[in-house]
Amino acid sequence: ALAQSLNIPAVKVLSDLAGLNDSIKNAQKFGITTLNNPSKYGLSIVLGGAEVKLLDMVSAYGVFATEGLKNQPISILKIEDKQGNIIEENKNIPKRVIDAQPVRILNSILSDNEARAPIFGYESPMYFKDYQVAAKTGTTQDYKDGWIIGYTPSIVVGVWVGNNDNTPIKKEPGIKVAGPIWRSFLDVILPKLPKETFKNP
């Protein structure tokens, strides 16, 4: 159900197992900064019923890529003068926010092409013949937003597609509107990164 982005199982998991407040707390631990008023949200939060930032989402998926370690988003890694002397360097210290084992299960699900094929097909933009890439798409109910976020152990890439004036885009899901942009970038960058696979759950 997760690999195929099925909505009803997501709503049932939130209502019957995970709980809204605990889920929001976990999202905040992972780096989501916009869910500050839990009384405003209901079960529709799993269907795009709450505003989130793409940078926050990519940061949160980074927790999955690192098997439970959160890294703060950093805009500038290092500043050097023309002689190569370091003027300032931003050193990030990862913080564990979830155990590795449940994340390994999630990584296995989100990188399983067989599991997502019934909805997305065997050769969707999420499938890479020579690389193991975990990915999740999203589409708001009114088609105002379409996105895809995917990752390997080395990189997380997110693409959002929408209109600046908040009007609906063409009635296509995230895989159709954001998937091609995401895929084009990863086709260029993946050959430059280490060829890694996720650890088995």
# chains A, B, ... in the order shown; residues from 1 in each chain; ligands from 1
$ select_by_dssp --residues "region 4-96 of chain A" --states "strand (DSSP E)" --output "PyMOL selection string"
chain A and resi 69-70+78-80+86-89+95-96
$ write_last_selection --atoms "C-alpha atoms" --output "PDB file, in the first residue's frame"
ATOM      1  CA  LEU A  69      20.137  10.126  11.639  1.00  0.00           C
ATOM      2  CA  LYS A  70      18.947  13.707  11.202  1.00  0.00           C
ATOM      3  CA  LYS A  78      32.491  26.251   3.772  1.00  0.00           C
ATOM      4  CA  ILE A  79      33.934  29.668   2.906  1.00  0.00           C
ATOM      5  CA  GLU A  80      37.583  29.909   1.833  1.00  0.00           C
ATOM      6  CA  ILE A  86      39.053  28.349   5.685  1.00  0.00           C
ATOM      7  CA  ILE A  87      37.255  31.451   6.904  1.00  0.00           C
ATOM      8  CA  GLU A  88      34.202  29.621   8.151  1.00  0.00           C
ATOM      9  CA  GLU A  89      33.045  26.022   8.037  1.00  0.00           C
ATOM     10  CA  LYS A  95      21.398  13.268  15.696  1.00  0.00           C
ATOM     11  CA  ARG A  96      19.619   9.918  15.920  1.00  0.00           C
TER      12      ARG A  96
END
$ residues_around --residues "Pro201 (chain A)" --least-positions-apart "6" --cutoff "8 Å" --atoms "only C-alpha atoms" --output "list in words"
Gln101, Pro102, Arg104, Ile105 and Ser108 of chain A
$ atom_distance --atom1 "CA of Val46 (chain A)" --atom2 "CA of Lys170 (chain A)"
21.7 Å
$ closest_atom_pairs --of "region 33-96 of chain A" --to "region 150-163 of chain A" --cutoff "7 Å" --atoms "only C-alpha atoms" --output "tab-separated table"
residue	atom	partner	partner_atom	distance
A:Leu54	CA	A:Trp160	CA	6.9
A:Val58	CA	A:Gly158	CA	5.9
A:Tyr61	CA	A:Val156	CA	7.0
A:Gly62	CA	A:Val156	CA	6.1
A:Ala65	CA	A:Pro153	CA	4.7
A:Thr66	CA	A:Pro153	CA	6.1
$ write_last_selection --atoms "N, CA, C and O atoms" --output "mmCIF file, in the first residue's frame"
data_model
loop_
_atom_site.group_PDB
_atom_site.id
_atom_site.type_symbol
_atom_site.label_atom_id
_atom_site.label_comp_id
_atom_site.auth_asym_id
_atom_site.auth_seq_id
_atom_site.Cartn_x
_atom_site.Cartn_y
_atom_site.Cartn_z
ATOM 1 N N LEU A 54 9.116 21.976 0.782
ATOM 2 C CA LEU A 54 9.913 20.972 0.092
ATOM 3 C C LEU A 54 11.242 20.737 0.811
ATOM 4 O O LEU A 54 11.661 19.593 0.984
ATOM 5 N N VAL A 58 12.533 17.101 2.108
ATOM 6 C CA VAL A 58 13.804 16.498 1.693
ATOM 7 C C VAL A 58 14.667 16.211 2.925
ATOM 8 O O VAL A 58 15.287 15.154 3.027
ATOM 9 N N TYR A 61 13.222 13.085 4.634
ATOM 10 C CA TYR A 61 13.589 11.865 3.913
ATOM 11 C C TYR A 61 15.073 11.555 4.065
ATOM 12 O O TYR A 61 15.480 10.400 3.952
ATOM 13 N N GLY A 62 15.866 12.580 4.362
ATOM 14 C CA GLY A 62 17.281 12.353 4.666
ATOM 15 C C GLY A 62 17.467 11.469 5.885
ATOM 16 O O GLY A 62 18.446 10.730 5.992
ATOM 17 N N ALA A 65 17.390 8.035 4.493
ATOM 18 C CA ALA A 65 18.620 7.733 3.753
ATOM 19 C C ALA A 65 19.772 7.392 4.686
ATOM 20 O O ALA A 65 20.623 6.568 4.359
ATOM 21 N N THR A 66 19.794 8.009 5.863
ATOM 22 C CA THR A 66 20.880 7.790 6.823
ATOM 23 C C THR A 66 20.505 6.798 7.926
ATOM 24 O O THR A 66 21.174 6.739 8.959
#
$ closest_atom_pairs --of "region 75-134 of chain A" --to "region 176-188 of chain A" --cutoff "12 Å" --atoms "only C-alpha atoms" --output "JSON lines"
{"residue": "A:Phe120", "atom": "CA", "partner": "A:Lys176", "partner_atom": "CA", "distance": 10.0}
{"residue": "A:Glu123", "atom": "CA", "partner": "A:Arg183", "partner_atom": "CA", "distance": 11.8}
{"residue": "A:Ser124", "atom": "CA", "partner": "A:Gly179", "partner_atom": "CA", "distance": 8.6}
{"residue": "A:Pro125", "atom": "CA", "partner": "A:Arg183", "partner_atom": "CA", "distance": 5.7}
{"residue": "A:Met126", "atom": "CA", "partner": "A:Arg183", "partner_atom": "CA", "distance": 7.3}
{"residue": "A:Tyr127", "atom": "CA", "partner": "A:Arg183", "partner_atom": "CA", "distance": 9.2}
{"residue": "A:Phe128", "atom": "CA", "partner": "A:Asp187", "partner_atom": "CA", "distance": 8.7}
{"residue": "A:Lys129", "atom": "CA", "partner": "A:Asp187", "partner_atom": "CA", "distance": 11.0}
{"residue": "A:Asp130", "atom": "CA", "partner": "A:Asp187", "partner_atom": "CA", "distance": 10.8}
{"residue": "A:Tyr131", "atom": "CA", "partner": "A:Asp187", "partner_atom": "CA", "distance": 10.3}
{"residue": "A:Gln132", "atom": "CA", "partner": "A:Leu186", "partner_atom": "CA", "distance": 11.8}
{"residue": "A:Val133", "atom": "CA", "partner": "A:Leu186", "partner_atom": "CA", "distance": 9.7}
$ write_last_selection --atoms "N, CA, C and O atoms" --output "PDB file, in the first residue's frame"
ATOM      1  N   PHE A 120       2.363   2.133 -10.705  1.00  0.00           N
ATOM      2  CA  PHE A 120       3.256   2.999 -11.466  1.00  0.00           C
ATOM      3  C   PHE A 120       3.856   2.333 -12.707  1.00  0.00           C
ATOM      4  O   PHE A 120       4.440   3.008 -13.544  1.00  0.00           O
ATOM      5  N   GLU A 123       8.495   0.341 -15.398  1.00  0.00           N
ATOM      6  CA  GLU A 123       9.545   1.239 -15.893  1.00  0.00           C
ATOM      7  C   GLU A 123       9.141   2.690 -15.675  1.00  0.00           C
ATOM      8  O   GLU A 123       9.281   3.530 -16.553  1.00  0.00           O
ATOM      9  N   SER A 124       8.657   2.995 -14.487  1.00  0.00           N
ATOM     10  CA  SER A 124       8.290   4.369 -14.136  1.00  0.00           C
ATOM     11  C   SER A 124       9.571   5.187 -13.923  1.00  0.00           C
ATOM     12  O   SER A 124      10.663   4.624 -13.843  1.00  0.00           O
ATOM     13  N   PRO A 125       9.443   6.507 -13.805  1.00  0.00           N
ATOM     14  CA  PRO A 125      10.632   7.318 -13.499  1.00  0.00           C
ATOM     15  C   PRO A 125      11.334   6.916 -12.206  1.00  0.00           C
ATOM     16  O   PRO A 125      12.500   7.254 -11.993  1.00  0.00           O
ATOM     17  N   MET A 126      10.664   6.149 -11.324  1.00  0.00           N
ATOM     18  CA  MET A 126      11.285   5.740 -10.055  1.00  0.00           C
ATOM     19  C   MET A 126      12.199   4.525 -10.209  1.00  0.00           C
ATOM     20  O   MET A 126      12.929   4.184  -9.287  1.00  0.00           O
ATOM     21  N   TYR A 127      12.126   3.853 -11.361  1.00  0.00           N
ATOM     22  CA  TYR A 127      12.922   2.635 -11.558  1.00  0.00           C
ATOM     23  C   TYR A 127      14.250   2.960 -12.225  1.00  0.00           C
ATOM     24  O   TYR A 127      14.297   3.600 -13.276  1.00  0.00           O
ATOM     25  N   PHE A 128      15.337   2.492 -11.591  1.00  0.00           N
ATOM     26  CA  PHE A 128      16.685   2.642 -12.126  1.00  0.00           C
ATOM     27  C   PHE A 128      17.298   1.250 -12.239  1.00  0.00           C
ATOM     28  O   PHE A 128      17.434   0.550 -11.236  1.00  0.00           O
ATOM     29  N   LYS A 129      17.656   0.881 -13.434  1.00  0.00           N
ATOM     30  CA  LYS A 129      18.152  -0.481 -13.668  1.00  0.00           C
ATOM     31  C   LYS A 129      19.381  -0.810 -12.826  1.00  0.00           C
ATOM     32  O   LYS A 129      19.519  -1.895 -12.285  1.00  0.00           O
ATOM     33  N   ASP A 130      20.296   0.137 -12.709  1.00  0.00           N
ATOM     34  CA  ASP A 130      21.583  -0.132 -12.066  1.00  0.00           C
ATOM     35  C   ASP A 130      21.725   0.463 -10.667  1.00  0.00           C
ATOM     36  O   ASP A 130      22.807   0.416 -10.091  1.00  0.00           O
ATOM     37  N   TYR A 131      20.657   1.042 -10.127  1.00  0.00           N
ATOM     38  CA  TYR A 131      20.749   1.696  -8.819  1.00  0.00           C
ATOM     39  C   TYR A 131      19.513   1.370  -7.988  1.00  0.00           C
ATOM     40  O   TYR A 131      18.414   1.231  -8.526  1.00  0.00           O
ATOM     41  N   GLN A 132      19.710   1.283  -6.679  1.00  0.00           N
ATOM     42  CA  GLN A 132      18.591   1.102  -5.774  1.00  0.00           C
ATOM     43  C   GLN A 132      18.182   2.480  -5.256  1.00  0.00           C
ATOM     44  O   GLN A 132      18.937   3.114  -4.514  1.00  0.00           O
ATOM     45  N   VAL A 133      17.013   2.932  -5.674  1.00  0.00           N
ATOM     46  CA  VAL A 133      16.521   4.255  -5.303  1.00  0.00           C
ATOM     47  C   VAL A 133      15.150   4.089  -4.650  1.00  0.00           C
ATOM     48  O   VAL A 133      14.251   3.483  -5.217  1.00  0.00           O
TER      49      VAL A 133
END
$ atom_distance --atom1 "CA of Val103 (chain A)" --atom2 "CA of Gly48 (chain A)"
22.2 Å
$ residues_around --residues "Tyr143 (chain A)" --least-positions-apart "2" --cutoff "9 Å" --atoms "only C-alpha atoms" --output "PDB file with N, CA, C and O atoms, in the first residue's frame"
ATOM      1  N   THR A 139       0.393  13.804  -4.448  1.00  0.00           N
ATOM      2  CA  THR A 139      -0.489  14.660  -5.234  1.00  0.00           C
ATOM      3  C   THR A 139      -1.599  15.138  -4.312  1.00  0.00           C
ATOM      4  O   THR A 139      -2.256  14.314  -3.680  1.00  0.00           O
ATOM      5  N   THR A 140      -1.794  16.443  -4.223  1.00  0.00           N
ATOM      6  CA  THR A 140      -2.914  16.908  -3.410  1.00  0.00           C
ATOM      7  C   THR A 140      -4.214  16.654  -4.157  1.00  0.00           C
ATOM      8  O   THR A 140      -4.239  16.577  -5.390  1.00  0.00           O
ATOM      9  N   GLN A 141      -5.285  16.525  -3.404  1.00  0.00           N
ATOM     10  CA  GLN A 141      -6.566  16.095  -3.959  1.00  0.00           C
ATOM     11  C   GLN A 141      -7.061  17.018  -5.070  1.00  0.00           C
ATOM     12  O   GLN A 141      -7.683  16.583  -6.031  1.00  0.00           O
ATOM     13  N   ASP A 145      -0.739  20.564  -6.138  1.00  0.00           N
ATOM     14  CA  ASP A 145       0.650  20.192  -5.886  1.00  0.00           C
ATOM     15  C   ASP A 145       0.916  18.781  -6.397  1.00  0.00           C
ATOM     16  O   ASP A 145       0.093  17.885  -6.221  1.00  0.00           O
ATOM     17  N   GLY A 146       2.067  18.621  -6.998  1.00  0.00           N
ATOM     18  CA  GLY A 146       2.556  17.293  -7.350  1.00  0.00           C
ATOM     19  C   GLY A 146       4.021  17.233  -6.979  1.00  0.00           C
ATOM     20  O   GLY A 146       4.770  18.185  -7.227  1.00  0.00           O
ATOM     21  N   GLY A 162       3.948  23.033  -9.086  1.00  0.00           N
ATOM     22  CA  GLY A 162       2.692  23.701  -8.791  1.00  0.00           C
ATOM     23  C   GLY A 162       2.720  25.112  -9.337  1.00  0.00           C
ATOM     24  O   GLY A 162       3.736  25.558  -9.879  1.00  0.00           O
ATOM     25  N   THR A 167      -3.269  27.929  -8.054  1.00  0.00           N
ATOM     26  CA  THR A 167      -4.307  27.345  -8.904  1.00  0.00           C
ATOM     27  C   THR A 167      -3.911  25.924  -9.272  1.00  0.00           C
ATOM     28  O   THR A 167      -2.724  25.587  -9.284  1.00  0.00           O
ATOM     29  N   PRO A 168      -4.896  25.070  -9.546  1.00  0.00           N
ATOM     30  CA  PRO A 168      -4.567  23.683  -9.895  1.00  0.00           C
ATOM     31  C   PRO A 168      -3.715  23.598 -11.160  1.00  0.00           C
ATOM     32  O   PRO A 168      -3.845  24.408 -12.073  1.00  0.00           O
ATOM     33  N   ILE A 169      -2.807  22.629 -11.178  1.00  0.00           N
ATOM     34  CA  ILE A 169      -2.058  22.328 -12.382  1.00  0.00           C
ATOM     35  C   ILE A 169      -2.877  21.323 -13.181  1.00  0.00           C
ATOM     36  O   ILE A 169      -3.968  20.940 -12.764  1.00  0.00           O
ATOM     37  N   LYS A 170      -2.380  20.895 -14.332  1.00  0.00           N
ATOM     38  CA  LYS A 170      -3.156  19.920 -15.105  1.00  0.00           C
ATOM     39  C   LYS A 170      -3.421  18.697 -14.247  1.00  0.00           C
ATOM     40  O   LYS A 170      -2.627  18.342 -13.391  1.00  0.00           O
ATOM     41  N   LYS A 171      -4.526  18.059 -14.459  1.00  0.00           N
ATOM     42  CA  LYS A 171      -4.972  16.979 -13.583  1.00  0.00           C
ATOM     43  C   LYS A 171      -4.154  15.716 -13.807  1.00  0.00           C
ATOM     44  O   LYS A 171      -4.617  14.739 -14.382  1.00  0.00           O
ATOM     45  N   GLU A 172      -2.914  15.780 -13.338  1.00  0.00           N
ATOM     46  CA  GLU A 172      -1.985  14.662 -13.437  1.00  0.00           C
ATOM     47  C   GLU A 172      -1.353  14.441 -12.072  1.00  0.00           C
ATOM     48  O   GLU A 172      -1.125  15.389 -11.316  1.00  0.00           O
ATOM     49  N   PRO A 173      -1.028  13.195 -11.726  1.00  0.00           N
ATOM     50  CA  PRO A 173      -0.405  12.928 -10.424  1.00  0.00           C
ATOM     51  C   PRO A 173       1.059  13.377 -10.388  1.00  0.00           C
ATOM     52  O   PRO A 173       1.669  13.672 -11.423  1.00  0.00           O
ATOM     53  N   GLY A 174       1.618  13.397  -9.176  1.00  0.00           N
ATOM     54  CA  GLY A 174       2.995  13.828  -8.969  1.00  0.00           C
ATOM     55  C   GLY A 174       4.001  13.096  -9.832  1.00  0.00           C
ATOM     56  O   GLY A 174       4.962  13.694 -10.319  1.00  0.00           O
TER      57      GLY A 174
END
$ residues_around --residues "region 30-37 of chain A" --least-positions-apart "5" --cutoff "7 Å" --atoms "only C-alpha atoms" --output "ChimeraX atom specification"
/A:24,51-52,56-57,59-60,63,70,97
$ write_last_selection --atoms "N, CA, C and O atoms" --output "CSV table (one decimal), in the first residue's frame"
chain,number,residue,atom,x,y,z
A,24,ILE,N,2.6,13.7,14.2
A,24,ILE,CA,3.0,15.1,14.0
A,24,ILE,C,4.3,15.3,14.8
A,24,ILE,O,5.3,15.9,14.3
A,51,GLU,N,0.1,22.1,5.0
A,51,GLU,CA,1.2,22.7,4.3
A,51,GLU,C,2.5,22.3,4.8
A,51,GLU,O,2.8,22.3,6.0
A,52,VAL,N,3.4,21.9,3.9
A,52,VAL,CA,4.8,21.5,4.3
A,52,VAL,C,5.7,22.2,3.2
A,52,VAL,O,5.3,22.5,2.1
A,56,ASP,N,11.9,21.0,4.0
A,56,ASP,CA,11.6,20.2,5.1
A,56,ASP,C,11.4,18.7,4.8
A,56,ASP,O,11.9,17.8,5.4
A,57,MET,N,10.7,18.5,3.7
A,57,MET,CA,10.4,17.1,3.3
A,57,MET,C,11.7,16.4,2.9
A,57,MET,O,11.9,15.3,3.2
A,59,SER,N,14.7,17.1,3.9
A,59,SER,CA,15.4,16.9,5.1
A,59,SER,C,14.9,15.7,5.9
A,59,SER,O,15.6,14.9,6.4
A,60,ALA,N,13.6,15.6,5.9
A,60,ALA,CA,12.9,14.4,6.6
A,60,ALA,C,13.3,13.1,6.0
A,60,ALA,O,13.6,12.1,6.6
A,63,VAL,N,16.5,11.5,6.8
A,63,VAL,CA,16.5,10.6,8.0
A,63,VAL,C,16.4,9.2,7.5
A,63,VAL,O,17.1,8.3,8.1
A,70,LYS,N,19.4,12.4,11.8
A,70,LYS,CA,18.9,13.7,11.2
A,70,LYS,C,20.1,14.7,11.1
A,70,LYS,O,20.9,14.9,12.0
A,97,VAL,N,17.2,10.1,15.5
A,97,VAL,CA,15.8,10.4,15.8
A,97,VAL,C,14.9,9.2,15.7
A,97,VAL,O,13.8,9.3,16.2
$ closest_atom_pairs --of "region 66-150 of chain A" --to "region 3-12 of chain A" --cutoff "9 Å" --atoms "only C-alpha atoms" --output "JSON lines"
{"residue": "A:Ile109", "atom": "CA", "partner": "A:Ala3", "partner_atom": "CA", "distance": 6.0}
{"residue": "A:Leu110", "atom": "CA", "partner": "A:Ala3", "partner_atom": "CA", "distance": 5.5}
{"residue": "A:Ser111", "atom": "CA", "partner": "A:Ala3", "partner_atom": "CA", "distance": 8.1}
{"residue": "A:Asp112", "atom": "CA", "partner": "A:Ala3", "partner_atom": "CA", "distance": 7.4}
{"residue": "A:Asn113", "atom": "CA", "partner": "A:Ala3", "partner_atom": "CA", "distance": 8.3}
{"residue": "A:Ala115", "atom": "CA", "partner": "A:Ala3", "partner_atom": "CA", "distance": 5.9}
{"residue": "A:Arg116", "atom": "CA", "partner": "A:Gln4", "partner_atom": "CA", "distance": 4.7}
{"residue": "A:Ala117", "atom": "CA", "partner": "A:Gln4", "partner_atom": "CA", "distance": 7.6}
{"residue": "A:Pro118", "atom": "CA", "partner": "A:Gln4", "partner_atom": "CA", "distance": 7.3}
{"residue": "A:Ile119", "atom": "CA", "partner": "A:Gln4", "partner_atom": "CA", "distance": 5.7}
{"residue": "A:Phe120", "atom": "CA", "partner": "A:Gln4", "partner_atom": "CA", "distance": 7.3}
{"residue": "A:Ala135", "atom": "CA", "partner": "A:Ala3", "partner_atom": "CA", "distance": 8.4}
{"residue": "A:Lys136", "atom": "CA", "partner": "A:Ala3", "partner_atom": "CA", "distance": 7.3}
{"residue": "A:Thr137", "atom": "CA", "partner": "A:Ser5", "partner_atom": "CA", "distance": 7.2}
{"residue": "A:Gly138", "atom": "CA", "partner": "A:Ser5", "partner_atom": "CA", "distance": 7.7}
